[in-house]
Amino acid sequence: MKFRYFSFVIIFSILFIFSGNSYSQISLGGELQDIDYTNPKEYIIGGITVTGAKFLDNEVLIRISGLSVAQKIKIPGDKISEAINKLWRQGFFESISISATGIHDKLIFLNINLVERPVLSKFSFSGIRKTEADNIRDEIKLIRGDVVTENLINRTENIIKKHYKDKGFLNVDVNIYQKPDPKKANSVILDINIKKNSKIKIYKINIHGNKHLSANEIKKVLKNTKEKNKFSPYENLDSLLLNCFKSIYHLQFDSIYYYVSKYVADEYKLNIFKSSKYIKADYKEDKIELIKKYNELGYRDAKIVKDSIYRNDDKTINIDITVDEGKKYFFRDIKWVGNTKYSVEVLNKILNIKKGDVYNQDLLNKNLQFNQNSIDVMSLYMDDGYLFFSVQPIEVLVENDSIDLEIRIHEGKQATINKVSVKGNERTNDNVVIREIRSKPGHLFSRKDIIRTVRELAQLKYFDAEKITPDVQPNPVDGTVDIIYNVEEASSDQIELSGGWGYNRLIGTLGLSFNNFSLRKVFDKHAWRPVPSGDGQKLSVRLQSYGSGYISYSASFTEPWLGGKKPNAFSVSYYHSLFSNGYSKDNPNRSSFKIDGFTIGLGKRLSWPDDFFTLYQSIGLQRYSLDNYLNLFSFGEGNGNYNNINYSFALSRNSIDAPIYPRSGSEVSLSLKLTPPYSLFSNKDYSTMSDDEKYKFIEFHEWKIKANWYTKIIGDLVMSVRTRYAFLGCYNHDIGVTPFNRYFLGGDGLSGYNNIDGRELVGMRGYSNESLTPNYYLTHNVGGTIYNKSTFELRYPLSLNPSATIYVATFFEAGNSWLKFKEFNPFNLYRSAGVGIRVFLPMFGVLGLDWGYGFDDVPGLPDANGSQFHFSINNSIE
C-alpha cells in the first residue's frame with residue numbers, strides 16, 4: 001500500500017516539562033487511522049534528518065540521540081523519549097521535537113527539529129569597582145562559549161548574592177541582562193548589574209540561658225559581631241542609682257566611682273575599632289569562639305541551643321542567642337599509661353595540670369601536643385626521635401563535677417633520619433643550603449631541629465620565608481624518615497640608585513649588593529647571569545659623589561663559611577672618602593679632608609650558652625688626612641694625619657623568626673671597640689701638648705648595647721620594643737674624648753658626606769637631622785659622647801609577598817644625647833610619636849617613609865621638633 005505525505009502533525013506519546021519556558025515534544029506525520037496509540041506498531045527507521053541546528057554537526061547529534069537508520073522502533077515507544085532525553089541533557093537546546101516525515105510500509109522517516117540556545121560571547125559588570133569585579137569573576141567561572149541557560153543565569157546570580165551576603169550585604173540586588181552580540185551569530189552578551197546597598201548592621205544581641213557568664217562578657221567574646229553604637233542614658237539607670245545610694249549609706253565612696261565606671265563601660269560602650277555590620281562568616285566563627293570560652297572555664301558541655309536573626313524596621317537586625325551552659329567540671333585523677341621513656345613526675349610537670357583545676361580541654365590539648373610558648377609532651381618525645389609517638393587523653397570517669405583522665409601514650413620506636421634533601425633552590429648551591437640544615441642523616445629525628453632549620457634558611461634571605469616547608473616522610477617499616485625541605489628562590493641582590501638634596505648640595509649615590517655571590521665562579525663566563533651566584537657570599541660596592549667637592553667609595557666581601565666546614569664568617573672591607581672645597585690640587589687655597597679605612601673581621605657561631613649566640617671580632621685601620629682644613633673641628637691648624645687603629649668584638653644573640661617581618665624572637669648585642677692606650681705607655685705630658693699631637697694616634701673605648709624584642713599580639717599584629725645605648729670614653733683625661741667617632745642624634749639617620757669624620761648618625765623621628773646633638777646650634781659642635789634611645793612600635797603587614805613586603809607601623813620614641821658622661825640622665829629624654837610605612841623590594845632593600853611629631857622643644861633650634869617627615873633606606877632610622 002502506498003501512502004501520501006500528510007502535511008498535518010499528530011502529537012502523541014510524551015510531553016516533557018523542563019526549567020523556564022523550554023519544552024520538548026514528539027510528533028509523527030502519517031495517516032491518523034494508521035497509528036493506533038493503544039497498539040504500538042514496529043517500524044524500521046528509513047532515514048533521519050536534523051533541522052534547526054546551525055552551529056552543531058548533524059551527524060554528531062544523530063549519534064547522541066541513539067537513533068540510527070535500519071533501527072527497529074515501536075511507535076509509540078520509549079526510543080523516541082530516550083532520544084529526546086539524551087539530546088536535552090547536552091544543554092544546548094531550548095526545544096526538541098521529533099516528527100515523522102513519511103511512512104512507507106514498515107519504513108519510517110524521522111526529523112529531529114531543534115532550537116539552539118545562545119552561547120556566551122562576553123560578560124561585564126556594572127555597579128561595582130574593578131577589584132570587586134575581578135574577585136567575583138574568579139568565583140562565577142563563566143567562560144566564553146558557555147551555553148546560556150536559565151540554570152547558568154540562576155547559578156551566577158546565587159554565587160554573587162552569596163559572595164556579598166557573606167560580607168554583610170544582605171540586601172544585595174543582582175540583575176543579569178542578555179543582549180545579542182551583533183558581531184557573532186547565536187551569541188549573547190551578559191550585563192551583570194550589582195547593587196550592593198548598605199551593609200546590614202546589628203542593633204541588638206540578646207543572650208538567653210546564660211547564668212555564669214554575663215551578657216556583656218559573652219558579647220566581648222563575639223569579637224567580630226558587635227552591636228550598633230547607641231546612646232541609651234536611661235537603660236539600667238535605676239540599678240546605678242540604687243548602687244550609688246547604698247554606697248553613700250555605707251560611706252563607701254570609692255564604690256561610687258566603680259559603679260559609675262561600670263555603668264558607662266557596659267551601657268555606653270562604643271565599638272570604635274569594630275564594626276557592627278553583620279558578616280555571616282564572622283558570626284559563625286564567633287559562635288565557635290563562644291563555646292571555646294565556655295570550655296576554657298570548665299563548661300565542657302556548653303552549647304548554643306538555638307540562634308535566630310530577624311530584621312527591624314530601620315534596616316537593622318537583632319540576633320538572639322540561647323545557650324545551655326551545662327555543669328562546670330574540674331580535673332580529678334590523671335593517670336599515664338604506656339610511658340616508659342619519661343616518668344610520671346616529668347610528664348605531670350610538663351602537663352602542668354593539677355587535681356582540682358578547672359577542666360580546660362584546650363589547655364589539655366595544648367600542653368599535650370602543641371604549645372607555642374613552652375614545651376609540650378609531644379615535643380618532648382619528638383625532639384628525642386620518637387616520630388611515631390602519639391598521645392590520647394581519655395575521660396574514663398565523669399562523676400558529679402569531676403573528671404578522671406587516662407592519658408594513653410604510644411611511644412613507638414625512635415626514628416633515624418635516612419635522607420635529607422632540598423628542592424626549589426634553582427640558583428643557590430646545595431651545599432650552601434645543606435650546611436644550614438640541622439637535620440642530619442643518621443641522627444635521631446627532632447622536631448626542634450626542623451623548626452630551627454626553617455628559621456636558619458629564612459635568615460639567609462635567599463628564599464621566600466613564607467614558603468619554606470619541610471616535608472617529613474616517615475617509613476614505619478624500617479623506623480626511618482626522609483626529610484625534604486621545599487624552598488622557593490627570592491631575589492636577594494640589591495641596588496641603590498638615588499639622587500637627593502642635602503646640606504645645600506645635590507648628592508648622587510650608586511650602590512650594588514650581591515648577597516648570594518660566588519667568588520670561585522668569577523672566571524667562568526657562563527656564570528655571569530648577571531653576576532656569579534650561588535655560594536652564599538656577599539659582595540657590596542658603593543659610590544657616592546657630588547661634583548668635585550665630595551666623593552666616597554667602598555667595597556666589602558664576606559664569606560659566611562670560611563673553609564666550608566664551620567659557620568666562621570670572614571669579612572674584609574675598604575673605604576675611601578674625600579671632602580674638599582672643590583679647588584684643584586695645585587691651588588694654594590685648596591682644603592681637603594680625606595679618610596682611608598680597612599677592616600678585617602671574623603665571626604663565629606657559638607654553642608654556649610646556646611647556638612643563637614655569635615661572636616664577631618675585627619681589626620680596623622683608619623687614617624684621617626687634613627690639608628688646610630680648618631672648619632671641621634675646633635682644634636688644630638687644619639693640617640696633619642690622624643691614625644685610628646682599633647680592635648672590636650661583639651657578642652650577640654639573634655632568635656628572630658624572619659629577617660624582614662619578624663613576629664617573634666629577639667636581637668641582643670653587646671659590643672666593645674677600643675684602641676691601644678698609647679698615653680698610658682708614654683711619659684709625655686699631654687696637658688701641655690698641642691691638639692695635633694694629642695690626636696695623632698687616636699685613643700678611645702666605645703661601648704654599645706642594642707636590644708630588639710618582637711612579640712605577636714594577635715594574628716600578624718606585632719609589637720616591637722627596641723633600645724639602644726652607646727658610650728664613648730677616654731683613657732687619659734688630659735687628652736679627653738676623641739673628636740672623631742662622635743654621636744649625632746635626630747632625623748632619618750641617612751649617612752652622606754657629613755659623616756666623613758667617622759661620626760655615627762642615629763635616627764630619631766619627629767626631629768630634624770642631628771638636631772638632638774649637644775650644642776648643635778653652635779658653629780663648632782663635635783657631637784655627643786653618650787646617647788640612649790628607646791622605641792615602642794606596633795606593626796601590621798599589608799603584604800608578605802617576598803617581592804614586595806609592605807607593613808605599616810605606629811611608634812613612640814624617646815631619646816637624647818649628652819656631651820659628657822656626668823651629664824647623662826636617662827629620664828631627660830626628647831619624645832615623639834607618629835606613623836610610618838616600610839616597603840621591602842629585593843632590588844632596593846627596605847624603603848621607609850615616616851611622619852613623626854616631636855613633643856619637646858630643642859634649645860636654640862625652634863624648628864627642630866613638631867611635624868617632621870623622614871625617608872629612610874635599610875632601616876637607617878632605627
# chains A, B, ... in the order shown; residues from 1 in each chain; ligands from 1
>>> residues_around(residues="Tyr574 in chain A", least_positions_apart="6", cutoff="6 Å", atoms="only C-alpha atoms", output="PyMOL selection string")
chain A and resi 554-555+597-598
>>> write_last_selection(atoms="all heavy atoms", output="JSON list (two decimals), in the first residue's frame")
[["chain", "number", "residue", "atom", "x", "y", "z"],
["A", 554, "SER", "N", 83.33, 52.53, 48.53],
["A", 554, "SER", "CA", 83.66, 51.45, 49.46],
["A", 554, "SER", "C", 83.37, 50.12, 48.80],
["A", 554, "SER", "O", 82.58, 50.02, 47.86],
["A", 554, "SER", "CB", 82.84, 51.58, 50.75],
["A", 554, "SER", "OG", 81.45, 51.48, 50.48],
["A", 555, "ALA", "N", 84.01, 49.09, 49.32],
["A", 555, "ALA", "CA", 83.78, 47.73, 48.85],
["A", 555, "ALA", "C", 83.98, 46.78, 50.01],
["A", 555, "ALA", "O", 84.84, 47.01, 50.89],
["A", 555, "ALA", "CB", 84.74, 47.38, 47.70],
["A", 597, "GLY", "N", 90.16, 53.72, 55.04],
["A", 597, "GLY", "CA", 89.93, 52.74, 56.09],
["A", 597, "GLY", "C", 89.94, 51.33, 55.57],
["A", 597, "GLY", "O", 89.55, 51.05, 54.43],
["A", 598, "PHE", "N", 90.40, 50.41, 56.43],
["A", 598, "PHE", "CA", 90.45, 49.00, 56.08],
["A", 598, "PHE", "C", 90.06, 48.21, 57.32],
["A", 598, "PHE", "O", 90.54, 48.48, 58.43],
["A", 598, "PHE", "CB", 91.86, 48.62, 55.62],
["A", 598, "PHE", "CG", 92.02, 47.15, 55.33],
["A", 598, "PHE", "CD1", 91.58, 46.62, 54.14],
["A", 598, "PHE", "CD2", 92.61, 46.31, 56.27],
["A", 598, "PHE", "CE1", 91.73, 45.27, 53.86],
["A", 598, "PHE", "CE2", 92.77, 44.95, 56.00],
["A", 598, "PHE", "CZ", 92.32, 44.43, 54.79]]
>>> residues_around(residues="Thr480 in chain A", least_positions_apart="2", cutoff="8 Å", atoms="only C-alpha atoms", output="list in words")
Ala415, Thr416, Ile417, Asn418, Pro474, Asn475, Pro476, Val477, Asp478 and Asp482 of chain A
>>> select_by_dssp(residues="range 727-761 of chain A", states="strand (DSSP E or B)", output="MDAnalysis selection string")
chainID A and resid 727:729 743:745 747 760:761
>>> write_last_selection(atoms="N, CA, C and O atoms", output="PDB file, in the first residue's frame")
ATOM      1  N   PHE A 727      78.318  54.571  74.506  1.00  0.00           N
ATOM      2  CA  PHE A 727      79.165  55.468  75.302  1.00  0.00           C
ATOM      3  C   PHE A 727      80.566  55.462  74.722  1.00  0.00           C
ATOM      4  O   PHE A 727      81.149  54.409  74.439  1.00  0.00           O
ATOM      5  N   LEU A 728      81.126  56.671  74.525  1.00  0.00           N
ATOM      6  CA  LEU A 728      82.477  56.843  74.000  1.00  0.00           C
ATOM      7  C   LEU A 728      83.336  57.435  75.108  1.00  0.00           C
ATOM      8  O   LEU A 728      83.058  58.544  75.590  1.00  0.00           O
ATOM      9  N   GLY A 729      84.350  56.674  75.540  1.00  0.00           N
ATOM     10  CA  GLY A 729      85.172  57.112  76.669  1.00  0.00           C
ATOM     11  C   GLY A 729      86.632  57.285  76.302  1.00  0.00           C
ATOM     12  O   GLY A 729      87.071  56.991  75.181  1.00  0.00           O
ATOM     13  N   TYR A 743      78.610  60.956  68.296  1.00  0.00           N
ATOM     14  CA  TYR A 743      77.216  60.590  68.001  1.00  0.00           C
ATOM     15  C   TYR A 743      76.406  61.849  67.674  1.00  0.00           C
ATOM     16  O   TYR A 743      76.473  62.855  68.402  1.00  0.00           O
ATOM     17  N   PHE A 744      75.642  61.756  66.592  1.00  0.00           N
ATOM     18  CA  PHE A 744      74.763  62.847  66.160  1.00  0.00           C
ATOM     19  C   PHE A 744      73.348  62.283  66.053  1.00  0.00           C
ATOM     20  O   PHE A 744      73.069  61.429  65.208  1.00  0.00           O
ATOM     21  N   LEU A 745      72.467  62.743  66.925  1.00  0.00           N
ATOM     22  CA  LEU A 745      71.141  62.150  67.093  1.00  0.00           C
ATOM     23  C   LEU A 745      70.062  63.027  66.456  1.00  0.00           C
ATOM     24  O   LEU A 745      70.081  64.254  66.592  1.00  0.00           O
ATOM     25  N   GLY A 747      66.533  62.832  63.297  1.00  0.00           N
ATOM     26  CA  GLY A 747      66.271  62.774  61.871  1.00  0.00           C
ATOM     27  C   GLY A 747      66.249  61.373  61.321  1.00  0.00           C
ATOM     28  O   GLY A 747      65.904  60.410  62.008  1.00  0.00           O
ATOM     29  N   GLU A 760      78.767  58.797  63.955  1.00  0.00           N
ATOM     30  CA  GLU A 760      77.652  57.861  63.827  1.00  0.00           C
ATOM     31  C   GLU A 760      76.353  58.652  63.862  1.00  0.00           C
ATOM     32  O   GLU A 760      76.072  59.374  64.828  1.00  0.00           O
ATOM     33  N   LEU A 761      75.570  58.522  62.807  1.00  0.00           N
ATOM     34  CA  LEU A 761      74.289  59.211  62.717  1.00  0.00           C
ATOM     35  C   LEU A 761      73.209  58.291  63.260  1.00  0.00           C
ATOM     36  O   LEU A 761      73.018  57.183  62.757  1.00  0.00           O
TER      37      LEU A 761
END
>>> select_by_dssp(residues="range 434-618 of chain A", states="helix (DSSP H, G or I)", output="list in words")
Ile434, Arg447, Lys448, Asp449, Ile450, Ile451, Arg452, Thr453, Val454, Arg455, Glu456, Leu457, Ala458, Gln459, Ala465, Glu466, Lys467, Leu519, Arg520, Lys521, Lys525, His526 and Ala527 of chain A
>>> residues_around(residues="Trp608 in chain A", least_positions_apart="5", cutoff="12 Å", atoms="only C-alpha atoms", output="PyMOL selection string")
chain A and resi 613-615+651-653
>>> residues_around(residues="range 355-361 of chain A", least_positions_apart="5", cutoff="6 Å", atoms="only C-alpha atoms", output="ChimeraX atom specification")
/A:295-296,298,329-332
>>> write_last_selection(atoms="N, CA and C atoms", output="short mmCIF file (atom, residue, chain, number, x, y, z; two decimals), in the first residue's frame")
data_model
loop_
_atom_site.label_atom_id
_atom_site.label_comp_id
_atom_site.auth_asym_id
_atom_site.auth_seq_id
_atom_site.Cartn_x
_atom_site.Cartn_y
_atom_site.Cartn_z
N ASN A 295 34.27 26.32 77.33
CA ASN A 295 35.08 25.13 77.59
C ASN A 295 36.31 25.46 78.43
N GLU A 296 36.92 26.61 78.15
CA GLU A 296 38.09 27.03 78.93
C GLU A 296 37.75 27.26 80.39
N GLY A 298 35.61 25.52 82.05
CA GLY A 298 35.19 24.27 82.66
C GLY A 298 33.83 23.78 82.22
N TYR A 329 33.02 21.66 85.28
CA TYR A 329 33.77 20.47 85.64
C TYR A 329 35.19 20.82 86.08
N PHE A 330 35.78 19.85 86.81
CA PHE A 330 37.14 20.01 87.32
C PHE A 330 37.93 18.73 87.06
N PHE A 331 39.25 18.90 86.89
CA PHE A 331 40.11 17.73 86.77
C PHE A 331 40.20 17.04 88.14
N ARG A 332 40.22 15.71 88.09
CA ARG A 332 40.42 14.99 89.35
C ARG A 332 41.68 14.13 89.20
#
>>> residues_around(residues="range 737-741 of chain A", least_positions_apart="2", cutoff="7 Å", atoms="only C-alpha atoms", output="MDAnalysis selection string")
chainID A and resid 698:700 729:730 735 743 757:760 782
>>> closest_residue(among="A:Lys86, A:Lys712, A:Lys440, A:His163", to="Tyr661 in chain A", atoms="only C-alpha atoms")
A:Lys712
>>> residues_around(residues="range 47-60 of chain A", least_positions_apart="3", cutoff="7 Å", atoms="only C-alpha atoms", output="short mmCIF file (atom, residue, chain, number, x, y, z; two decimals) with all heavy atoms, in the first residue's frame")
data_model
loop_
_atom_site.label_atom_id
_atom_site.label_comp_id
_atom_site.auth_asym_id
_atom_site.auth_seq_id
_atom_site.Cartn_x
_atom_site.Cartn_y
_atom_site.Cartn_z
N ARG A 63 24.01 10.72 16.40
CA ARG A 63 24.64 9.68 17.22
C ARG A 63 24.30 9.86 18.70
O ARG A 63 24.09 8.90 19.43
CB ARG A 63 26.15 9.70 17.01
CG ARG A 63 26.59 9.07 15.69
CD ARG A 63 28.07 8.73 15.71
NE ARG A 63 28.91 9.93 15.82
CZ ARG A 63 29.37 10.63 14.79
NH1 ARG A 63 29.05 10.24 13.55
NH2 ARG A 63 30.12 11.68 14.96
N ILE A 64 24.28 11.13 19.15
CA ILE A 64 23.93 11.39 20.55
C ILE A 64 22.52 10.91 20.86
O ILE A 64 22.25 10.38 21.94
CB ILE A 64 24.08 12.90 20.85
CG1 ILE A 64 25.55 13.31 20.83
CG2 ILE A 64 23.46 13.25 22.22
CD1 ILE A 64 25.78 14.79 20.97
N VAL A 69 19.69 4.63 11.32
CA VAL A 69 18.99 4.05 10.17
C VAL A 69 19.02 2.52 10.29
O VAL A 69 20.03 1.95 10.70
CB VAL A 69 19.63 4.52 8.86
CG1 VAL A 69 18.99 3.82 7.66
CG2 VAL A 69 19.52 6.03 8.72
N PHE A 109 10.41 7.61 8.35
CA PHE A 109 11.45 8.63 8.18
C PHE A 109 11.23 9.72 9.23
O PHE A 109 10.13 10.28 9.33
CB PHE A 109 11.40 9.20 6.75
CG PHE A 109 11.71 8.15 5.72
CD1 PHE A 109 10.69 7.34 5.20
CD2 PHE A 109 13.01 8.00 5.27
CE1 PHE A 109 10.99 6.38 4.26
CE2 PHE A 109 13.29 7.04 4.30
CZ PHE A 109 12.30 6.22 3.80
N LEU A 110 12.30 10.01 10.00
CA LEU A 110 12.19 10.92 11.14
C LEU A 110 12.99 12.20 10.90
O LEU A 110 14.03 12.20 10.24
CB LEU A 110 12.70 10.26 12.42
CG LEU A 110 12.03 8.94 12.83
CD1 LEU A 110 12.69 8.41 14.10
CD2 LEU A 110 10.53 9.15 13.06
N ASN A 111 12.48 13.28 11.52
CA ASN A 111 13.21 14.56 11.52
C ASN A 111 13.33 15.05 12.97
O ASN A 111 12.35 15.10 13.72
CB ASN A 111 12.48 15.62 10.70
CG ASN A 111 13.20 16.96 10.76
OD1 ASN A 111 14.31 17.11 10.25
ND2 ASN A 111 12.57 17.94 11.39
N ILE A 112 14.55 15.40 13.34
CA ILE A 112 14.81 15.97 14.67
C ILE A 112 14.85 17.47 14.52
O ILE A 112 15.77 18.02 13.88
CB ILE A 112 16.13 15.44 15.26
CG1 ILE A 112 16.12 13.91 15.33
CG2 ILE A 112 16.37 16.03 16.64
CD1 ILE A 112 17.44 13.31 15.77
N ASN A 113 13.87 18.14 15.09
CA ASN A 113 13.77 19.59 14.98
C ASN A 113 14.28 20.23 16.28
O ASN A 113 13.79 19.92 17.37
CB ASN A 113 12.33 20.01 14.71
CG ASN A 113 12.24 21.51 14.44
OD1 ASN A 113 13.08 22.07 13.73
ND2 ASN A 113 11.26 22.15 15.05
N LEU A 114 15.28 21.13 16.14
CA LEU A 114 15.93 21.71 17.30
C LEU A 114 15.88 23.24 17.26
O LEU A 114 15.92 23.83 16.18
CB LEU A 114 17.41 21.29 17.36
CG LEU A 114 17.69 19.77 17.33
CD1 LEU A 114 19.18 19.52 17.14
CD2 LEU A 114 17.19 19.11 18.61
N VAL A 115 15.83 23.83 18.46
CA VAL A 115 16.01 25.29 18.60
C VAL A 115 17.20 25.47 19.53
O VAL A 115 17.14 25.12 20.73
CB VAL A 115 14.76 25.97 19.18
CG1 VAL A 115 15.02 27.46 19.37
CG2 VAL A 115 13.56 25.74 18.26
N GLU A 116 18.31 25.98 19.00
CA GLU A 116 19.54 26.09 19.78
C GLU A 116 19.51 27.24 20.78
O GLU A 116 18.93 28.29 20.52
CB GLU A 116 20.74 26.29 18.84
CG GLU A 116 21.06 25.07 17.99
CD GLU A 116 22.24 25.33 17.09
OE1 GLU A 116 22.41 26.48 16.63
OE2 GLU A 116 23.01 24.39 16.85
#
>>> closest_residue(among="A:Lys328, A:Leu849, A:Lys565, A:Asn154", to="Val398 in chain A", atoms="only C-alpha atoms")
A:Lys328
>>> residues_around(residues="Ser126 in chain A", least_positions_apart="2", cutoff="7 Å", atoms="only C-alpha atoms", output="PyMOL selection string")
chain A and resi 124+128+192-194
>>> write_last_selection(atoms="N, CA, C and O atoms", output="compact mmCIF listing (two decimals), in the first residue's frame")
# COMPACT_ATOMS: atom_id res chain seq x y z
N SER A 124 30.14 41.48 31.39
CA SER A 124 30.72 42.63 32.08
C SER A 124 29.92 42.93 33.34
O SER A 124 28.79 42.46 33.51
N ILE A 128 29.84 48.05 40.49
CA ILE A 128 30.87 47.73 41.46
C ILE A 128 32.23 48.13 40.93
O ILE A 128 32.40 48.38 39.74
N ILE A 192 25.98 42.11 33.93
CA ILE A 192 25.67 41.74 35.31
C ILE A 192 25.67 43.00 36.15
O ILE A 192 26.73 43.56 36.46
N ASN A 193 24.50 43.47 36.50
CA ASN A 193 24.36 44.70 37.29
C ASN A 193 24.20 44.34 38.76
O ASN A 193 23.33 43.55 39.13
N ILE A 194 25.06 44.91 39.59
CA ILE A 194 25.06 44.60 41.02
C ILE A 194 24.85 45.88 41.81
O ILE A 194 25.58 46.86 41.64
>>> atom_distance(atom1="CA of Thr156 in chain A", atom2="CA of Asp282 in chain A")
23.9 Å
